[in-house]
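Text of my_file_10.txt (compact mmCIF, C-alpha atoms) as supplied:
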# COMPACT_ATOMS: atom_id res chain seq x y z
CA MET A 7 -29.45 44.80 51.18
CA SER A 8 -31.27 44.51 47.86
CA GLU A 9 -34.22 46.68 47.00
CA THR A 10 -37.54 44.83 46.82
CA ARG A 11 -39.93 45.88 44.07
CA PRO A 12 -43.55 44.88 43.72
CA PRO A 13 -44.43 43.01 40.53
CA LEU A 14 -45.59 45.12 37.60
CA LEU A 15 -49.27 44.65 36.87
CA ASN A 16 -51.55 46.35 34.36
CA LYS A 17 -54.74 44.31 34.02
CA VAL A 18 -58.36 45.46 33.70
CA PHE A 19 -61.58 43.43 34.03
CA ILE A 20 -64.78 45.35 33.36
CA VAL A 21 -68.40 44.80 32.34
CA GLY A 22 -70.34 47.55 30.65
CA ASN A 23 -72.62 48.60 27.82
CA LEU A 24 -71.55 50.26 24.58
CA THR A 25 -72.51 53.94 24.44
CA ARG A 26 -72.64 53.88 20.60
CA ASP A 27 -71.90 51.53 17.71
CA PRO A 28 -68.26 50.48 17.37
CA GLU A 29 -66.12 52.28 14.76
CA LEU A 30 -64.09 49.88 12.61
CA ARG A 31 -61.20 51.19 10.51
CA GLN A 32 -57.90 49.94 9.15
CA THR A 33 -54.35 51.12 9.70
CA THR A 34 -52.25 52.13 6.70
CA ASN A 35 -50.94 48.55 6.46
CA GLY A 36 -54.47 47.09 6.52
CA THR A 37 -54.70 45.96 10.16
CA PRO A 38 -58.29 46.20 11.45
CA VAL A 39 -58.83 48.26 14.60
CA VAL A 40 -62.09 49.07 16.38
CA ASN A 41 -62.83 51.77 18.94
CA PHE A 42 -65.86 52.11 21.19
CA ARG A 43 -66.81 53.43 24.62
CA ILE A 44 -68.56 51.58 27.39
CA ALA A 45 -70.48 52.77 30.41
CA ALA A 46 -69.93 50.83 33.64
CA ASN A 47 -72.47 51.52 36.40
CA ARG A 48 -71.99 51.32 40.14
CA ARG A 49 -74.87 51.45 42.63
CA PHE A 50 -74.32 52.24 46.28
CA LYS A 51 -76.03 53.71 49.32
CA ASP A 52 -74.83 57.07 50.55
CA ASN A 53 -74.54 58.04 54.24
CA SER A 54 -78.26 58.83 54.42
CA GLY A 55 -79.18 55.39 53.01
CA GLU A 56 -80.30 56.75 49.64
CA VAL A 57 -79.39 54.58 46.63
CA LYS A 58 -77.09 56.41 44.24
CA GLU A 59 -75.62 55.43 40.90
CA GLU A 60 -72.32 56.46 39.33
CA VAL A 61 -71.37 55.87 35.74
CA CYS A 62 -67.80 55.48 34.51
CA TYR A 63 -67.20 55.94 30.78
CA ILE A 64 -64.09 54.34 29.32
CA GLY A 65 -62.75 53.94 25.80
CA VAL A 66 -61.83 50.52 24.41
CA VAL A 67 -59.61 49.61 21.46
CA ALA A 68 -59.33 46.13 19.91
CA TRP A 69 -57.14 44.89 17.06
CA GLN A 70 -57.16 42.33 14.25
CA LYS A 71 -59.75 39.49 14.41
CA LEU A 72 -61.05 40.80 17.72
CA ALA A 73 -61.76 44.16 16.04
CA THR A 74 -63.73 42.65 13.17
CA SER A 75 -65.64 40.37 15.54
CA CYS A 76 -66.68 43.38 17.64
CA ALA A 77 -67.75 45.33 14.56
CA ASP A 78 -69.81 42.35 13.34
CA HIS A 79 -71.60 41.57 16.62
CA LEU A 80 -71.80 44.69 18.80
CA LEU A 81 -74.20 47.61 18.67
CA LYS A 82 -75.01 50.57 20.88
CA GLY A 83 -76.29 49.15 24.19
CA SER A 84 -74.56 45.76 23.81
CA SER A 85 -73.33 44.32 27.09
CA VAL A 86 -69.70 43.14 27.13
CA TYR A 87 -67.10 41.68 29.48
CA ILE A 88 -63.64 43.02 28.67
CA GLU A 89 -60.16 42.00 29.78
CA GLY A 90 -57.20 44.10 28.81
CA GLU A 91 -54.66 46.65 29.93
CA LEU A 92 -54.75 50.40 30.40
CA ARG A 93 -52.94 52.36 27.75
CA SER A 94 -52.33 56.06 27.44
CA ARG A 95 -51.70 57.99 24.27
CA THR A 96 -51.52 61.61 23.27
CA ILE A 97 -53.65 63.09 20.50
CA ASP A 98 -54.07 66.56 19.05
CA ASN A 99 -57.44 67.94 20.14
CA GLY A 100 -57.75 70.15 17.06
CA SER A 101 -56.63 73.36 18.73
CA GLY A 102 -52.98 72.37 18.67
CA ALA A 103 -52.85 71.41 22.34
CA PRO A 104 -52.02 67.77 23.06
CA ARG A 105 -54.60 65.71 24.96
CA ASN A 106 -53.78 62.58 26.95
CA ILE A 107 -56.25 59.69 26.59
CA ILE A 108 -56.41 56.58 28.77
CA GLU A 109 -58.24 53.60 27.30
CA ILE A 110 -58.43 49.82 27.58
CA ARG A 111 -56.53 47.81 25.00
CA ALA A 112 -58.70 44.69 24.92
CA SER A 113 -57.15 41.23 24.85
CA HIS A 114 -60.39 39.31 25.54
CA ILE A 115 -63.99 40.35 24.90
CA GLN A 116 -67.04 38.29 25.74
CA PHE A 117 -70.38 39.31 24.23
CA LEU A 118 -73.00 39.06 26.97
CA ASP A 119 -76.23 39.72 25.05
CA LYS A 120 -78.03 36.51 24.17
CA LYS A 121 -80.30 38.07 21.54
CA ARG A 122 -77.44 39.37 19.37
CA MET A 123 -75.36 36.19 19.36
CA PRO A 124 -74.81 34.08 16.25
CA GLU A 125 -76.50 30.66 16.26
CA GLU A 126 -73.31 28.72 17.00
CA ASP A 127 -72.80 30.75 20.20
CA ALA A 128 -76.43 30.14 21.23
CA ASP A 129 -75.63 26.40 21.21
CA TYR A 130 -73.14 26.99 24.05
CA LEU A 131 -75.88 28.58 26.14
CA ALA A 132 -78.27 25.70 25.52
CA THR A 133 -75.74 23.21 26.89
CA GLY A 134 -74.86 25.43 29.85
CA GLU A 135 -71.24 25.82 28.75
CA MET A 136 -69.37 29.10 28.97
CA LEU A 137 -69.26 31.18 25.80
CA PRO A 138 -65.88 31.36 24.05
CA ILE A 139 -63.82 34.46 24.81
CA GLU A 140 -62.07 36.20 21.95
CA ASP A 141 -58.32 36.10 22.62
CA MET A 142 -55.96 38.43 20.86
CA ALA A 143 -52.74 38.16 22.86
CA ASP A 144 -50.78 38.40 19.59
CA GLN A 145 -52.30 41.75 18.62
CA GLU A 146 -50.22 44.14 16.62
CA GLU A 147 -49.09 47.51 17.94
CA LEU A 148 -49.24 50.68 15.87
Show me this structure written as structure tokens.
Amino acid sequence: MSETRPPLLNKVFIVGNLTRDPELRQTTNGTPVVNFRIAANRRFKDNSGEVKEEVCYIGVVAWQKLATSCADHLLKGSSVYIEGELRSRTIDNGSGAPRNIIEIRASHIQFLDKKRMPEEDADYLATGEMLPIEDMADQEEL
């Protein structure tokens, strides 16, 4: 009898607000990469009926044209819809001990704030069409 395995899936869909301005930099070979954190809120009622709110903070990394687009259009407080996958990496925390970080590697980002959109994107809203989603499926790995 053959062993049945569930399909592998690593996909994230999240909406949140940037906690600070995005940080754009370039790799040693000149590839643009941007990092930022978002806060995603969840409201719920506890057992006593009181409304509570939880906040989840998560890091996001985007590459190439998606990175430059984020740096050009996003600011602290910007609302974004992100599609991507969870990635983990290990960094040195400065004291010599390794630290594991889990973040979203974005493949699509949709800017949700109307007031910060370029004029050509505002035309989509006027016609009732959906805004274009940045797609970076061909992003480069480090």
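Proximity to Ala112 (chain A) at 6 Å, evaluated using all atoms listed in the file and with sequence-adjacent residues fewer than 6 positions away removed, yields A:Ala68, A:Glu89, A:Gly90.
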Provide an axis-aligned box for all listed atoms of region 28-32 of chain A, padding each side by 4 Å; report its centre and its edge lengths in Å to one decimal, as lines of an AutoDock Vina configuration file.
center_x = -63.1
center_y = 51.1
center_z = 13.3
size_x = 18.4
size_y = 10.4
size_z = 16.2
Inset, instruction - Mind giving me the straight-line distance from CA of Glu60 (chain A) to CA of Ser113 (chain A) in Å, one decimal? - result: 25.9 Å
Inset, instruction - Measuring atom to atom with only C-alpha atoms, identify which of A:Ala46, A:Leu24, A:Val40, A:Leu15 is nearest to Cys76 (chain A). - result: A:Val40
Legend entry - Residue among A:Thr34, A:Glu29, A:Ala45, A:Ile107 lying closest to Ser84 (chain A), counting all atoms listed in the file: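 When distances to Ser84 (chain A) are compared using all atoms listed in the file, the smallest one comes from A:Ala45.
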Legend entry - One-decimal distance in Å that lies between CA of Thr74 (chain A) and CA of Gly100 (chain A):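 A separation of 28.4 Å between them.
Nearest residue to Leu81 (chain A) among A:Phe117, A:Thr33, A:Lys51, A:Lys17 is A:Phe117, counting only C-alpha atoms.
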Inset, instruction - Measure the distance from CA of Ala73 (chain A) to CA of Asp98 (chain A) in Å and round it to one decimal. - result: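 If I compute the distance from CA of Ala73 (chain A) to CA of Asp98 (chain A), I get 23.9 Å.
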If I only have part of region 21-39 of chain A, can you fill in N, CA and C atoms and write it as a short mmCIF file (atom, residue, chain, number, x, y, z; two decimals), in the frame of the given file?
data_model
loop_
_atom_site.label_atom_id
_atom_site.label_comp_id
_atom_site.auth_asym_id
_atom_site.auth_seq_id
_atom_site.Cartn_x
_atom_site.Cartn_y
_atom_site.Cartn_z
N VAL A 21 -67.16 45.11 33.05
CA VAL A 21 -68.40 44.80 32.34
C VAL A 21 -69.12 46.12 32.13
N GLY A 22 -69.61 46.32 30.94
CA GLY A 22 -70.34 47.55 30.65
C GLY A 22 -71.15 47.43 29.38
N ASN A 23 -71.80 48.54 29.03
CA ASN A 23 -72.62 48.60 27.82
C ASN A 23 -72.06 49.65 26.87
N LEU A 24 -72.05 49.33 25.57
CA LEU A 24 -71.55 50.26 24.58
C LEU A 24 -72.41 51.52 24.55
N THR A 25 -71.78 52.68 24.48
CA THR A 25 -72.51 53.94 24.44
C THR A 25 -72.91 54.32 23.02
N ARG A 26 -72.27 53.71 22.01
CA ARG A 26 -72.64 53.88 20.60
C ARG A 26 -72.06 52.72 19.81
N ASP A 27 -72.41 52.61 18.56
CA ASP A 27 -71.90 51.53 17.71
C ASP A 27 -70.38 51.62 17.60
N PRO A 28 -69.71 50.46 17.52
CA PRO A 28 -68.26 50.48 17.37
C PRO A 28 -67.84 51.06 16.01
N GLU A 29 -66.66 51.68 15.99
CA GLU A 29 -66.12 52.28 14.76
C GLU A 29 -64.95 51.44 14.28
N LEU A 30 -65.14 50.72 13.18
CA LEU A 30 -64.09 49.88 12.61
C LEU A 30 -63.35 50.65 11.52
N ARG A 31 -62.03 50.59 11.55
CA ARG A 31 -61.20 51.19 10.51
C ARG A 31 -59.98 50.31 10.32
N GLN A 32 -59.12 50.69 9.39
CA GLN A 32 -57.90 49.94 9.15
C GLN A 32 -56.71 50.88 9.21
N THR A 33 -55.58 50.35 9.70
CA THR A 33 -54.35 51.12 9.70
C THR A 33 -53.84 51.21 8.27
N THR A 34 -52.80 51.97 8.04
CA THR A 34 -52.25 52.13 6.70
C THR A 34 -51.76 50.81 6.11
N ASN A 35 -51.37 49.86 6.97
CA ASN A 35 -50.94 48.55 6.46
C ASN A 35 -52.06 47.53 6.43
N GLY A 36 -53.32 47.96 6.67
CA GLY A 36 -54.47 47.09 6.52
C GLY A 36 -54.91 46.34 7.77
N THR A 37 -54.32 46.63 8.92
CA THR A 37 -54.70 45.96 10.16
C THR A 37 -56.01 46.54 10.69
N PRO A 38 -57.03 45.69 10.92
CA PRO A 38 -58.29 46.20 11.45
C PRO A 38 -58.16 46.64 12.91
N VAL A 39 -58.79 47.75 13.23
CA VAL A 39 -58.83 48.26 14.60
C VAL A 39 -60.22 48.84 14.84
#
